[in-house]
>>> print(open('query.txt').read())   # compact mmCIF, C-alpha atoms
# COMPACT_ATOMS: atom_id res chain seq x y z
CA MET Q 569 18.26 -140.48 -117.42
CA VAL Q 570 20.62 -139.74 -114.56
CA GLU Q 571 19.06 -137.68 -111.79
CA TRP Q 572 21.13 -135.17 -109.87
CA THR Q 573 20.09 -133.47 -106.65
CA GLU Q 574 20.95 -129.82 -106.06
CA GLN Q 575 23.48 -130.93 -103.47
CA GLU Q 576 25.18 -133.26 -105.92
CA ARG Q 577 25.38 -130.54 -108.57
CA SER Q 578 26.95 -128.09 -106.17
CA ILE Q 579 29.44 -130.70 -104.93
CA ILE Q 580 30.63 -131.38 -108.48
CA THR Q 581 30.82 -127.69 -109.38
CA SER Q 582 32.71 -126.96 -106.19
CA ILE Q 583 35.26 -129.77 -106.66
CA PHE Q 584 36.03 -128.66 -110.22
CA SER Q 585 36.14 -124.94 -109.52
CA ASN Q 586 38.77 -125.52 -106.83
CA LEU Q 587 40.77 -127.93 -108.95
CA ASP Q 588 44.43 -127.38 -109.86
CA TYR Q 589 44.26 -129.07 -113.26
CA GLU Q 590 48.01 -128.88 -113.91
CA ASP Q 591 48.67 -130.72 -110.67
CA VAL Q 592 45.81 -133.20 -110.38
CA GLY Q 593 45.66 -134.22 -114.05
CA PRO Q 594 49.30 -135.34 -114.34
CA LYS Q 595 49.18 -136.98 -110.90
CA ALA Q 596 46.08 -139.00 -111.77
CA LEU Q 597 47.38 -140.18 -115.14
CA SER Q 598 50.87 -141.07 -113.89
CA ARG Q 599 49.38 -142.89 -110.89
CA CYS Q 600 47.21 -144.92 -113.28
CA LEU Q 601 50.23 -145.88 -115.39
CA ILE Q 602 52.18 -146.91 -112.29
CA VAL Q 603 49.43 -148.74 -110.39
CA TYR Q 604 48.00 -150.40 -113.51
CA PRO Q 605 51.08 -150.76 -115.73
CA TRP Q 606 49.20 -152.42 -118.58
CA THR Q 607 47.60 -149.05 -119.28
CA GLN Q 608 51.00 -147.95 -120.58
CA ARG Q 609 50.13 -149.78 -123.79
CA TYR Q 610 48.33 -146.68 -125.03
CA PHE Q 611 51.32 -144.42 -124.55
CA ALA Q 612 54.08 -146.14 -126.48
CA SER Q 613 54.83 -142.94 -128.37
CA PHE Q 614 55.17 -140.84 -125.24
CA GLY Q 615 58.83 -141.65 -124.58
CA ASN Q 616 60.43 -142.95 -121.40
CA LEU Q 617 57.97 -144.83 -119.17
CA TYR Q 618 60.49 -147.34 -117.84
CA ASN Q 619 59.96 -146.70 -114.14
CA ALA Q 620 57.81 -144.70 -111.76
CA ASP Q 621 60.17 -141.72 -111.68
CA ALA Q 622 60.35 -141.59 -115.48
CA ILE Q 623 56.56 -141.68 -115.68
CA LYS Q 624 56.14 -138.98 -113.04
CA THR Q 625 58.52 -136.59 -114.81
CA ASN Q 626 57.54 -137.36 -118.40
CA PRO Q 627 56.39 -134.05 -119.93
CA ASN Q 628 54.10 -135.79 -122.46
CA ILE Q 629 52.29 -137.58 -119.64
CA GLN Q 630 52.00 -134.32 -117.72
CA ALA Q 631 50.50 -132.49 -120.68
CA HIS Q 632 48.15 -135.36 -121.43
CA GLY Q 633 47.01 -135.67 -117.83
CA THR Q 634 46.02 -132.01 -117.79
CA ARG Q 635 44.23 -132.42 -121.10
CA VAL Q 636 42.27 -135.48 -119.98
CA LEU Q 637 41.18 -133.73 -116.79
CA HIS Q 638 39.95 -130.72 -118.76
CA GLY Q 639 38.00 -133.23 -120.82
CA LEU Q 640 35.74 -133.61 -117.80
CA ASP Q 641 34.77 -129.93 -117.94
CA ARG Q 642 32.18 -130.60 -120.58
CA ALA Q 643 30.45 -133.12 -118.35
CA VAL Q 644 30.45 -130.63 -115.47
CA LYS Q 645 28.76 -128.07 -117.71
CA ASN Q 646 26.26 -130.60 -119.13
CA MET Q 647 25.45 -132.86 -116.21
CA ASP Q 648 21.99 -133.61 -117.56
CA ASN Q 649 23.34 -134.67 -120.90
CA ILE Q 650 26.61 -136.45 -120.32
CA LYS Q 651 25.76 -139.35 -122.60
CA SER Q 652 25.34 -137.23 -125.72
CA THR Q 653 28.08 -134.81 -124.69
CA TYR Q 654 30.64 -137.61 -124.94
CA ALA Q 655 29.27 -139.46 -127.98
CA GLU Q 656 32.03 -138.16 -130.21
CA LEU Q 657 34.79 -138.76 -127.64
CA SER Q 658 33.46 -142.27 -127.19
CA VAL Q 659 33.80 -142.96 -130.90
CA LEU Q 660 37.32 -141.51 -130.80
CA HIS Q 661 38.40 -143.76 -127.90
CA SER Q 662 36.91 -146.79 -129.63
CA GLU Q 663 37.71 -146.31 -133.31
CA LYS Q 664 40.90 -144.30 -133.25
CA LEU Q 665 42.55 -144.83 -129.86
CA HIS Q 666 41.33 -148.43 -129.33
CA VAL Q 667 41.20 -148.03 -125.56
CA ASP Q 668 39.69 -150.93 -123.61
CA PRO Q 669 36.77 -149.24 -121.81
CA ASP Q 670 37.60 -151.11 -118.59
CA ASN Q 671 40.58 -148.80 -118.38
CA PHE Q 672 38.33 -145.76 -117.92
CA LYS Q 673 37.35 -147.07 -114.51
CA LEU Q 674 40.99 -147.52 -113.53
CA LEU Q 675 41.77 -143.89 -114.33
CA ALA Q 676 38.60 -142.78 -112.53
CA ASP Q 677 39.71 -144.64 -109.39
CA CYS Q 678 43.15 -143.00 -109.52
CA LEU Q 679 41.56 -139.58 -109.97
CA THR Q 680 39.37 -140.22 -106.91
CA ILE Q 681 42.43 -141.11 -104.86
CA VAL Q 682 44.42 -138.05 -106.00
CA ILE Q 683 41.50 -135.75 -105.17
CA ALA Q 684 41.09 -137.48 -101.79
CA ALA Q 685 44.76 -136.86 -101.01
CA LYS Q 686 44.40 -133.18 -101.98
CA MET Q 687 41.17 -132.49 -100.11
CA GLY Q 688 41.94 -134.58 -97.04
CA SER Q 689 39.08 -135.02 -94.61
CA GLY Q 690 37.20 -132.36 -96.58
CA PHE Q 691 36.53 -135.16 -99.05
CA THR Q 692 33.62 -136.48 -97.00
CA PRO Q 693 31.84 -139.80 -97.69
CA GLU Q 694 29.00 -137.79 -99.33
CA MET Q 695 31.44 -135.96 -101.60
CA GLN Q 696 33.14 -139.25 -102.46
CA ALA Q 697 29.76 -140.80 -103.33
CA THR Q 698 28.82 -137.86 -105.57
CA PHE Q 699 32.22 -137.69 -107.25
CA GLN Q 700 32.26 -141.44 -107.93
CA LYS Q 701 28.68 -141.25 -109.27
CA PHE Q 702 29.76 -138.45 -111.63
CA LEU Q 703 32.80 -140.40 -112.84
CA ALA Q 704 30.69 -143.54 -113.29
CA VAL Q 705 28.33 -141.63 -115.59
CA VAL Q 706 31.29 -140.25 -117.57
CA VAL Q 707 32.86 -143.72 -117.83
CA SER Q 708 29.57 -145.18 -119.03
CA ALA Q 709 29.16 -142.43 -121.65
CA LEU Q 710 32.67 -142.97 -122.94
CA GLY Q 711 32.06 -146.68 -123.37
CA ARG Q 712 28.70 -146.27 -125.03
CA GLN Q 713 29.70 -146.00 -128.70
CA TYR Q 714 31.90 -149.08 -128.68
CA HIS Q 715 30.72 -151.89 -130.90
CA MET P 1011 46.57 -161.75 -110.63
CA THR P 1012 50.27 -161.40 -109.79
CA SER P 1013 51.82 -162.53 -106.53
CA LEU P 1014 53.65 -160.19 -104.17
CA THR P 1015 57.32 -159.54 -104.91
CA ALA P 1016 59.87 -159.09 -102.15
CA LYS P 1017 59.74 -155.34 -102.86
CA ASP P 1018 55.95 -155.32 -102.54
CA LYS P 1019 56.16 -157.05 -99.16
CA ASP P 1020 58.81 -154.65 -97.87
CA THR P 1021 56.76 -151.66 -99.03
CA VAL P 1022 53.61 -153.00 -97.38
CA LYS P 1023 55.38 -153.78 -94.11
CA ALA P 1024 57.07 -150.37 -93.98
CA PHE P 1025 53.86 -148.51 -94.76
CA TRP P 1026 51.94 -150.66 -92.27
CA ALA P 1027 54.23 -149.40 -89.51
CA LYS P 1028 52.84 -145.92 -90.24
CA ILE P 1029 49.25 -147.16 -90.54
CA SER P 1030 49.28 -149.27 -87.39
CA PRO P 1031 48.73 -146.54 -84.76
CA LYS P 1032 45.78 -145.17 -86.78
CA ALA P 1033 44.43 -148.50 -87.98
CA ALA P 1034 41.14 -148.44 -86.07
CA ALA P 1035 40.27 -144.91 -87.23
CA ILE P 1036 41.21 -145.80 -90.79
CA GLY P 1037 39.02 -148.90 -90.64
CA GLU P 1038 36.10 -146.87 -89.29
CA ASP P 1039 36.42 -144.26 -92.04
CA ALA P 1040 36.81 -146.87 -94.80
CA LEU P 1041 33.77 -148.83 -93.64
CA SER P 1042 31.72 -145.62 -93.27
CA ARG P 1043 32.59 -144.61 -96.80
CA MET P 1044 31.80 -148.05 -98.18
CA LEU P 1045 28.31 -147.98 -96.67
CA VAL P 1046 27.64 -144.48 -98.06
CA VAL P 1047 29.27 -144.77 -101.49
CA TYR P 1048 28.17 -148.37 -102.18
CA PRO P 1049 24.78 -148.64 -100.49
CA GLN P 1050 24.34 -152.23 -101.66
CA THR P 1051 26.95 -153.23 -99.04
CA LYS P 1052 24.49 -152.25 -96.31
CA THR P 1053 22.66 -155.51 -97.02
CA TYR P 1054 25.28 -157.31 -94.94
CA PHE P 1055 24.59 -155.21 -91.87
CA SER P 1056 20.81 -155.28 -91.55
CA HIS P 1057 21.31 -156.45 -87.97
CA TRP P 1058 22.93 -153.13 -86.98
CA LYS P 1059 20.81 -150.38 -85.50
CA ASP P 1060 22.90 -147.57 -86.91
CA LEU P 1061 24.83 -147.65 -90.17
CA SER P 1062 25.75 -143.97 -90.29
CA PRO P 1063 29.40 -142.90 -90.55
CA GLY P 1064 31.13 -143.06 -87.17
CA SER P 1065 28.33 -144.95 -85.40
CA ALA P 1066 29.23 -147.43 -82.66
CA PRO P 1067 28.83 -150.63 -84.71
CA VAL P 1068 30.70 -149.09 -87.65
CA LYS P 1069 33.54 -148.00 -85.34
CA LYS P 1070 33.81 -151.41 -83.75
CA HIS P 1071 33.65 -153.31 -87.00
CA GLY P 1072 36.15 -151.02 -88.73
CA ALA P 1073 38.63 -151.87 -86.00
CA THR P 1074 37.87 -155.59 -86.35
CA VAL P 1075 38.46 -155.50 -90.09
CA MET P 1076 41.76 -153.67 -89.71
CA GLY P 1077 42.78 -156.22 -87.10
CA GLY P 1078 42.34 -158.81 -89.81
CA VAL P 1079 44.46 -156.73 -92.22
CA ALA P 1080 47.16 -156.42 -89.56
CA ASP P 1081 47.11 -160.18 -89.20
CA ALA P 1082 47.49 -160.49 -92.97
CA VAL P 1083 50.55 -158.21 -92.91
CA ALA P 1084 52.13 -160.46 -90.29
CA LYS P 1085 51.37 -163.52 -92.43
CA ILE P 1086 52.25 -161.87 -95.72
CA ASP P 1087 54.57 -164.70 -96.74
CA ASN P 1088 51.72 -167.21 -96.82
CA LEU P 1089 48.35 -165.54 -96.89
CA THR P 1090 46.38 -168.60 -97.96
CA ALA P 1091 47.53 -170.64 -94.98
CA GLY P 1092 47.57 -167.71 -92.59
CA LEU P 1093 44.02 -166.56 -93.35
CA LEU P 1094 42.45 -170.03 -93.46
CA ASN P 1095 40.15 -169.46 -90.49
CA LEU P 1096 39.05 -166.07 -91.77
CA SER P 1097 38.37 -167.59 -95.16
CA GLU P 1098 36.16 -170.26 -93.61
CA LEU P 1099 34.33 -167.60 -91.63
CA HIS P 1100 33.64 -165.52 -94.76
CA ALA P 1101 32.77 -168.56 -96.87
CA PHE P 1102 30.47 -170.51 -94.59
CA THR P 1103 29.15 -168.06 -92.04
CA LEU P 1104 29.26 -164.53 -93.42
CA ARG P 1105 28.87 -165.49 -97.09
CA VAL P 1106 30.08 -162.08 -98.29
CA ASP P 1107 30.13 -161.95 -102.08
CA PRO P 1108 33.84 -161.66 -102.93
CA ALA P 1109 33.15 -158.68 -105.22
CA ASN P 1110 32.75 -156.68 -102.05
CA PHE P 1111 36.35 -157.27 -100.99
CA LYS P 1112 37.38 -155.11 -103.93
CA ILE P 1113 34.93 -152.43 -102.90
CA LEU P 1114 36.21 -152.30 -99.32
CA ALA P 1115 39.82 -152.33 -100.56
CA HIS P 1116 39.12 -149.27 -102.72
CA ASN P 1117 37.73 -147.40 -99.75
CA ILE P 1118 40.71 -148.36 -97.61
CA LEU P 1119 42.96 -146.91 -100.32
CA VAL P 1120 40.94 -143.67 -100.42
CA VAL P 1121 41.31 -143.29 -96.64
CA LEU P 1122 45.04 -144.03 -96.87
CA ALA P 1123 45.34 -141.25 -99.48
CA ILE P 1124 43.49 -138.85 -97.17
CA THR P 1125 45.49 -139.85 -94.09
CA PHE P 1126 48.93 -139.98 -95.73
CA PRO P 1127 48.75 -137.54 -98.65
CA SER P 1128 52.50 -137.47 -99.26
CA ASP P 1129 53.44 -141.01 -98.13
CA PHE P 1130 50.77 -142.73 -100.22
CA SER P 1131 52.81 -142.38 -103.39
CA PRO P 1132 51.95 -144.30 -106.58
CA GLU P 1133 54.62 -146.87 -105.64
CA VAL P 1134 53.08 -147.45 -102.21
CA HIS P 1135 49.61 -147.43 -103.79
CA VAL P 1136 50.42 -150.26 -106.20
CA ALA P 1137 51.98 -152.39 -103.44
CA MET P 1138 48.97 -151.88 -101.14
CA ASP P 1139 46.52 -152.52 -103.98
CA LYS P 1140 48.29 -155.79 -104.83
CA PHE P 1141 48.41 -156.75 -101.15
CA LEU P 1142 44.70 -156.13 -100.55
CA ALA P 1143 43.90 -158.07 -103.73
CA ALA P 1144 46.02 -160.96 -102.42
CA VAL P 1145 44.19 -160.80 -99.08
CA ALA P 1146 40.86 -160.88 -100.93
CA LEU P 1147 42.03 -163.92 -102.86
CA ALA P 1148 43.07 -165.72 -99.67
CA LEU P 1149 39.70 -164.88 -98.10
CA SER P 1150 37.93 -166.36 -101.12
CA GLU P 1151 39.87 -169.65 -100.91
CA LYS P 1152 37.25 -171.65 -99.08
CA TYR P 1153 34.21 -170.37 -100.97
CA ARG P 1154 33.96 -173.25 -103.41
>>> encode(input="query.txt", output="structure tokens")
Amino acid sequence: MVEWTEQERSIITSIFSNLDYEDVGPKALSRCLIVYPWTQRYFASFGNLYNADAIKTNPNIQAHGTRVLHGLDRAVKNMDNIKSTYAELSVLHSEKLHVDPDNFKLLADCLTIVIAAKMGSGFTPEMQATFQKFLAVVVSALGRQYH
Amino acid sequence: MTSLTAKDKDTVKAFWAKISPKAAAIGEDALSRMLVVYPQTKTYFSHWKDLSPGSAPVKKHGATVMGGVADAVAKIDNLTAGLLNLSELHAFTLRVDPANFKILAHNILVVLAITFPSDFSPEVHVAMDKFLAAVALALSEKYR
């Protein structure tokens, strides 16, 4: 079982309550597709992804980025139960979407960097540690139902 | 992994010009974060009295590391040859597990995002990520 201190819980709640989902979500997803271009394999039906500018302005990517970021809300609300919270989503990513679970970490790293850019020096080492711990638990939960 | 294209090198060199005046501070912050976020990396610094963010040894070493990165930028056209001495140092003396190069690189990228929120675009990010990976590879050359 993952243990969370009171400080860690309040850091996560605070980051997400101050989050501009419509800005951070699209930025994180498009950054992932640009920095790790092989991740584009999952978005063949999304239209023009031919270059960085196309990716950044693609409305399907923008909508999806927001959606994926909101997907983290459930983990924020159920920090003591992230594994079971994402059991169904894990099955979806494995059986239906066929996403290589290594890719979850790539998106998590891009999200960390986008949040760092937004928060500036307010994103202290302690906040970074807590945020990365949270994302690591989410990533692990999402990969759990793969077989 | 892929080698650096001409565009990658130009992007890195141009961005480095912005980084250069703040390199020591960036190195200090990246190292501080690494020691806090990835506590296992502290095992390499058991000889330091103080491993807290911004401490004297962290400050000094952050600057040293960024000096090495600056050197790598200057030798970007042949990293393997250019970083030979550093590779021998890491392989035979320091014996840093190469997995840690990736960890430090990530923290450097986080600090670059914090320091240059608008300049550290996805395009610059991918070039810097590739560059740091290439540096890590060159540093690993002499390991075995």
>>> residues_near_point(input="query.txt", point="(59.0, -145.5, -112.7)", cutoff="12 Å", atoms="all atoms listed in the file", output="ChimeraX atom specification")
/Q:598-603,605,608,616-626 /P:1131-1133,1136
>>> residues_near_point(input="query.txt", point="(49.6, -159.7, -101.1)", cutoff="6 Å", atoms="only C-alpha atoms", output="ChimeraX atom specification")
/P:1014,1140-1141,1144-1145
>>> closest_atom_pairs(input="query.txt", of="chain Q", to="chain P", cutoff="12 Å", atoms="only C-alpha atoms", output="Markdown table")
| residue | atom | partner | partner_atom | distance |
| --- | --- | --- | --- | --- |
| Q:Lys595 | CA | P:Pro1132 | CA | 8.9 |
| Q:Ala596 | CA | P:Pro1132 | CA | 9.5 |
| Q:Leu597 | CA | P:Pro1132 | CA | 10.5 |
| Q:Ser598 | CA | P:Pro1132 | CA | 8.1 |
| Q:Arg599 | CA | P:Pro1132 | CA | 5.2 |
| Q:Cys600 | CA | P:Pro1132 | CA | 8.2 |
| Q:Leu601 | CA | P:Pro1132 | CA | 9.1 |
| Q:Ile602 | CA | P:Pro1132 | CA | 6.3 |
| Q:Val603 | CA | P:Val1136 | CA | 4.6 |
| Q:Tyr604 | CA | P:Val1136 | CA | 7.7 |
| Q:Pro605 | CA | P:Val1136 | CA | 9.6 |
| Q:Asn619 | CA | P:Glu1133 | CA | 10.0 |
| Q:Ala620 | CA | P:Glu1133 | CA | 7.2 |
| Q:Asp621 | CA | P:Glu1133 | CA | 9.7 |
| Q:Ile623 | CA | P:Pro1132 | CA | 10.5 |
| Q:Lys624 | CA | P:Pro1132 | CA | 9.4 |
| Q:Leu674 | CA | P:His1116 | CA | 11.1 |
| Q:Ala676 | CA | P:His1116 | CA | 11.8 |
| Q:Asp677 | CA | P:His1116 | CA | 8.1 |
| Q:Cys678 | CA | P:Pro1132 | CA | 9.4 |
| Q:Leu679 | CA | P:Val1120 | CA | 10.4 |
| Q:Thr680 | CA | P:Val1120 | CA | 7.5 |
| Q:Ile681 | CA | P:Val1120 | CA | 5.3 |
| Q:Val682 | CA | P:Ala1123 | CA | 7.3 |
| Q:Ile683 | CA | P:Ala1123 | CA | 8.8 |
| Q:Ala684 | CA | P:Ile1124 | CA | 5.4 |
| Q:Ala685 | CA | P:Ile1124 | CA | 4.5 |
| Q:Lys686 | CA | P:Pro1127 | CA | 7.0 |
| Q:Met687 | CA | P:Ile1124 | CA | 7.4 |
| Q:Gly688 | CA | P:Ile1124 | CA | 4.5 |
| Q:Ser689 | CA | P:Ile1124 | CA | 6.4 |
| Q:Gly690 | CA | P:Ile1124 | CA | 9.1 |
| Q:Phe691 | CA | P:Ile1124 | CA | 8.1 |
| Q:Thr692 | CA | P:Arg1043 | CA | 8.2 |
| Q:Pro693 | CA | P:Arg1043 | CA | 4.9 |
| Q:Glu694 | CA | P:Val1046 | CA | 6.9 |
| Q:Met695 | CA | P:Val1047 | CA | 9.1 |
| Q:Gln696 | CA | P:Val1047 | CA | 6.8 |
| Q:Ala697 | CA | P:Val1047 | CA | 4.4 |
| Q:Thr698 | CA | P:Val1047 | CA | 8.0 |
| Q:Phe699 | CA | P:Val1047 | CA | 9.6 |
| Q:Gln700 | CA | P:Val1047 | CA | 7.8 |
| Q:Lys701 | CA | P:Val1047 | CA | 8.6 |
| Q:Phe702 | CA | P:Val1047 | CA | 12.0 |
| Q:Ala704 | CA | P:Val1047 | CA | 11.9 |
>>> write_last_selection(input="query.txt", atoms="C-alpha atoms", output="PDB file, keeping the file's coordinate frame")
ATOM      1  CA  LYS Q 595      49.180-136.980-110.900  1.00  0.00           C
ATOM      2  CA  ALA Q 596      46.080-139.000-111.770  1.00  0.00           C
ATOM      3  CA  LEU Q 597      47.380-140.180-115.140  1.00  0.00           C
ATOM      4  CA  SER Q 598      50.870-141.070-113.890  1.00  0.00           C
ATOM      5  CA  ARG Q 599      49.380-142.890-110.890  1.00  0.00           C
ATOM      6  CA  CYS Q 600      47.210-144.920-113.280  1.00  0.00           C
ATOM      7  CA  LEU Q 601      50.230-145.880-115.390  1.00  0.00           C
ATOM      8  CA  ILE Q 602      52.180-146.910-112.290  1.00  0.00           C
ATOM      9  CA  VAL Q 603      49.430-148.740-110.390  1.00  0.00           C
ATOM     10  CA  TYR Q 604      48.000-150.400-113.510  1.00  0.00           C
ATOM     11  CA  PRO Q 605      51.080-150.760-115.730  1.00  0.00           C
ATOM     12  CA  ASN Q 619      59.960-146.700-114.140  1.00  0.00           C
ATOM     13  CA  ALA Q 620      57.810-144.700-111.760  1.00  0.00           C
ATOM     14  CA  ASP Q 621      60.170-141.720-111.680  1.00  0.00           C
ATOM     15  CA  ILE Q 623      56.560-141.680-115.680  1.00  0.00           C
ATOM     16  CA  LYS Q 624      56.140-138.980-113.040  1.00  0.00           C
ATOM     17  CA  LEU Q 674      40.990-147.520-113.530  1.00  0.00           C
ATOM     18  CA  ALA Q 676      38.600-142.780-112.530  1.00  0.00           C
ATOM     19  CA  ASP Q 677      39.710-144.640-109.390  1.00  0.00           C
ATOM     20  CA  CYS Q 678      43.150-143.000-109.520  1.00  0.00           C
ATOM     21  CA  LEU Q 679      41.560-139.580-109.970  1.00  0.00           C
ATOM     22  CA  THR Q 680      39.370-140.220-106.910  1.00  0.00           C
ATOM     23  CA  ILE Q 681      42.430-141.110-104.860  1.00  0.00           C
ATOM     24  CA  VAL Q 682      44.420-138.050-106.000  1.00  0.00           C
ATOM     25  CA  ILE Q 683      41.500-135.750-105.170  1.00  0.00           C
ATOM     26  CA  ALA Q 684      41.090-137.480-101.790  1.00  0.00           C
ATOM     27  CA  ALA Q 685      44.760-136.860-101.010  1.00  0.00           C
ATOM     28  CA  LYS Q 686      44.400-133.180-101.980  1.00  0.00           C
ATOM     29  CA  MET Q 687      41.170-132.490-100.110  1.00  0.00           C
ATOM     30  CA  GLY Q 688      41.940-134.580 -97.040  1.00  0.00           C
ATOM     31  CA  SER Q 689      39.080-135.020 -94.610  1.00  0.00           C
ATOM     32  CA  GLY Q 690      37.200-132.360 -96.580  1.00  0.00           C
ATOM     33  CA  PHE Q 691      36.530-135.160 -99.050  1.00  0.00           C
ATOM     34  CA  THR Q 692      33.620-136.480 -97.000  1.00  0.00           C
ATOM     35  CA  PRO Q 693      31.840-139.800 -97.690  1.00  0.00           C
ATOM     36  CA  GLU Q 694      29.000-137.790 -99.330  1.00  0.00           C
ATOM     37  CA  MET Q 695      31.440-135.960-101.600  1.00  0.00           C
ATOM     38  CA  GLN Q 696      33.140-139.250-102.460  1.00  0.00           C
ATOM     39  CA  ALA Q 697      29.760-140.800-103.330  1.00  0.00           C
ATOM     40  CA  THR Q 698      28.820-137.860-105.570  1.00  0.00           C
ATOM     41  CA  PHE Q 699      32.220-137.690-107.250  1.00  0.00           C
ATOM     42  CA  GLN Q 700      32.260-141.440-107.930  1.00  0.00           C
ATOM     43  CA  LYS Q 701      28.680-141.250-109.270  1.00  0.00           C
ATOM     44  CA  PHE Q 702      29.760-138.450-111.630  1.00  0.00           C
ATOM     45  CA  ALA Q 704      30.690-143.540-113.290  1.00  0.00           C
TER      46      ALA Q 704
END
>>> atom_distance(input="query.txt", atom1="CA of Ser1056 in chain P", atom2="CA of Thr1103 in chain P")
15.3 Å
>>> residues_around(input="query.txt", residues="Ala1148 in chain P", least_positions_apart="5", cutoff="9 Å", atoms="only C-alpha atoms", output="short mmCIF file (atom, residue, chain, number, x, y, z; two decimals) with C-alpha atoms, in the coordinates of the input")
data_model
loop_
_atom_site.label_atom_id
_atom_site.label_comp_id
_atom_site.auth_asym_id
_atom_site.auth_seq_id
_atom_site.Cartn_x
_atom_site.Cartn_y
_atom_site.Cartn_z
CA LEU P 1089 48.35 -165.54 -96.89
CA THR P 1090 46.38 -168.60 -97.96
CA ALA P 1091 47.53 -170.64 -94.98
CA GLY P 1092 47.57 -167.71 -92.59
CA LEU P 1093 44.02 -166.56 -93.35
CA LEU P 1094 42.45 -170.03 -93.46
CA LEU P 1096 39.05 -166.07 -91.77
CA SER P 1097 38.37 -167.59 -95.16
CA ALA P 1143 43.90 -158.07 -103.73
#
>>> axis_aligned_box(input="query.txt", around="range 710-714 of chain Q", padding_each_side="8 Å", output="AutoDock Vina command-line options")
--center_x 30.7 --center_y -146.0 --center_z -125.8 --size_x 20.0 --size_y 22.1 --size_z 21.8
>>> residues_around(input="query.txt", residues="range 1071-1082 of chain P", least_positions_apart="3", cutoff="6 Å", atoms="only C-alpha atoms", output="PyMOL selection string")
chain P and resi 1034+1037-1038+1041+1067-1068+1085-1086
>>> closest_residue(input="query.txt", among="Q:Phe614, Q:Phe672, Q:Tyr589, Q:Tyr714", to="Ser658 in chain Q", atoms="all atoms listed in the file")
Q:Tyr714
>>> closest_residue(input="query.txt", among="Q:Ser613, Q:Ser585, Q:Gln713, Q:Thr607", to="Leu640 in chain Q", atoms="only C-alpha atoms")
Q:Ser585
>>> closest_residue(input="query.txt", among="Q:Pro669, Q:Pro594, Q:Gly615, Q:Gly711", to="Arg635 in chain Q", atoms="only C-alpha atoms")
Q:Pro594
>>> atom_distance(input="query.txt", atom1="CA of Thr581 in chain Q", atom2="CA of Ala643 in chain Q")
10.5 Å
>>> atom_distance(input="query.txt", atom1="CA of Val570 in chain Q", atom2="CA of Ile650 in chain Q")
8.9 Å
>>> residues_around(input="query.txt", residues="Tyr1153 in chain P", least_positions_apart="3", cutoff="10 Å", atoms="only C-alpha atoms", output="PyMOL selection string")
chain P and resi 1097-1102+1105-1108+1149-1150
>>> closest_residue(input="query.txt", among="P:Ala1033, P:Ala1066, P:Val1083, P:Leu1061", to="Thr1021 in chain P", atoms="all atoms listed in the file")
P:Val1083
>>> closest_residue(input="query.txt", among="P:Glu1151, P:Gln1050, P:Lys1028, P:Ser1065", to="Asn1110 in chain P", atoms="only C-alpha atoms")
P:Gln1050
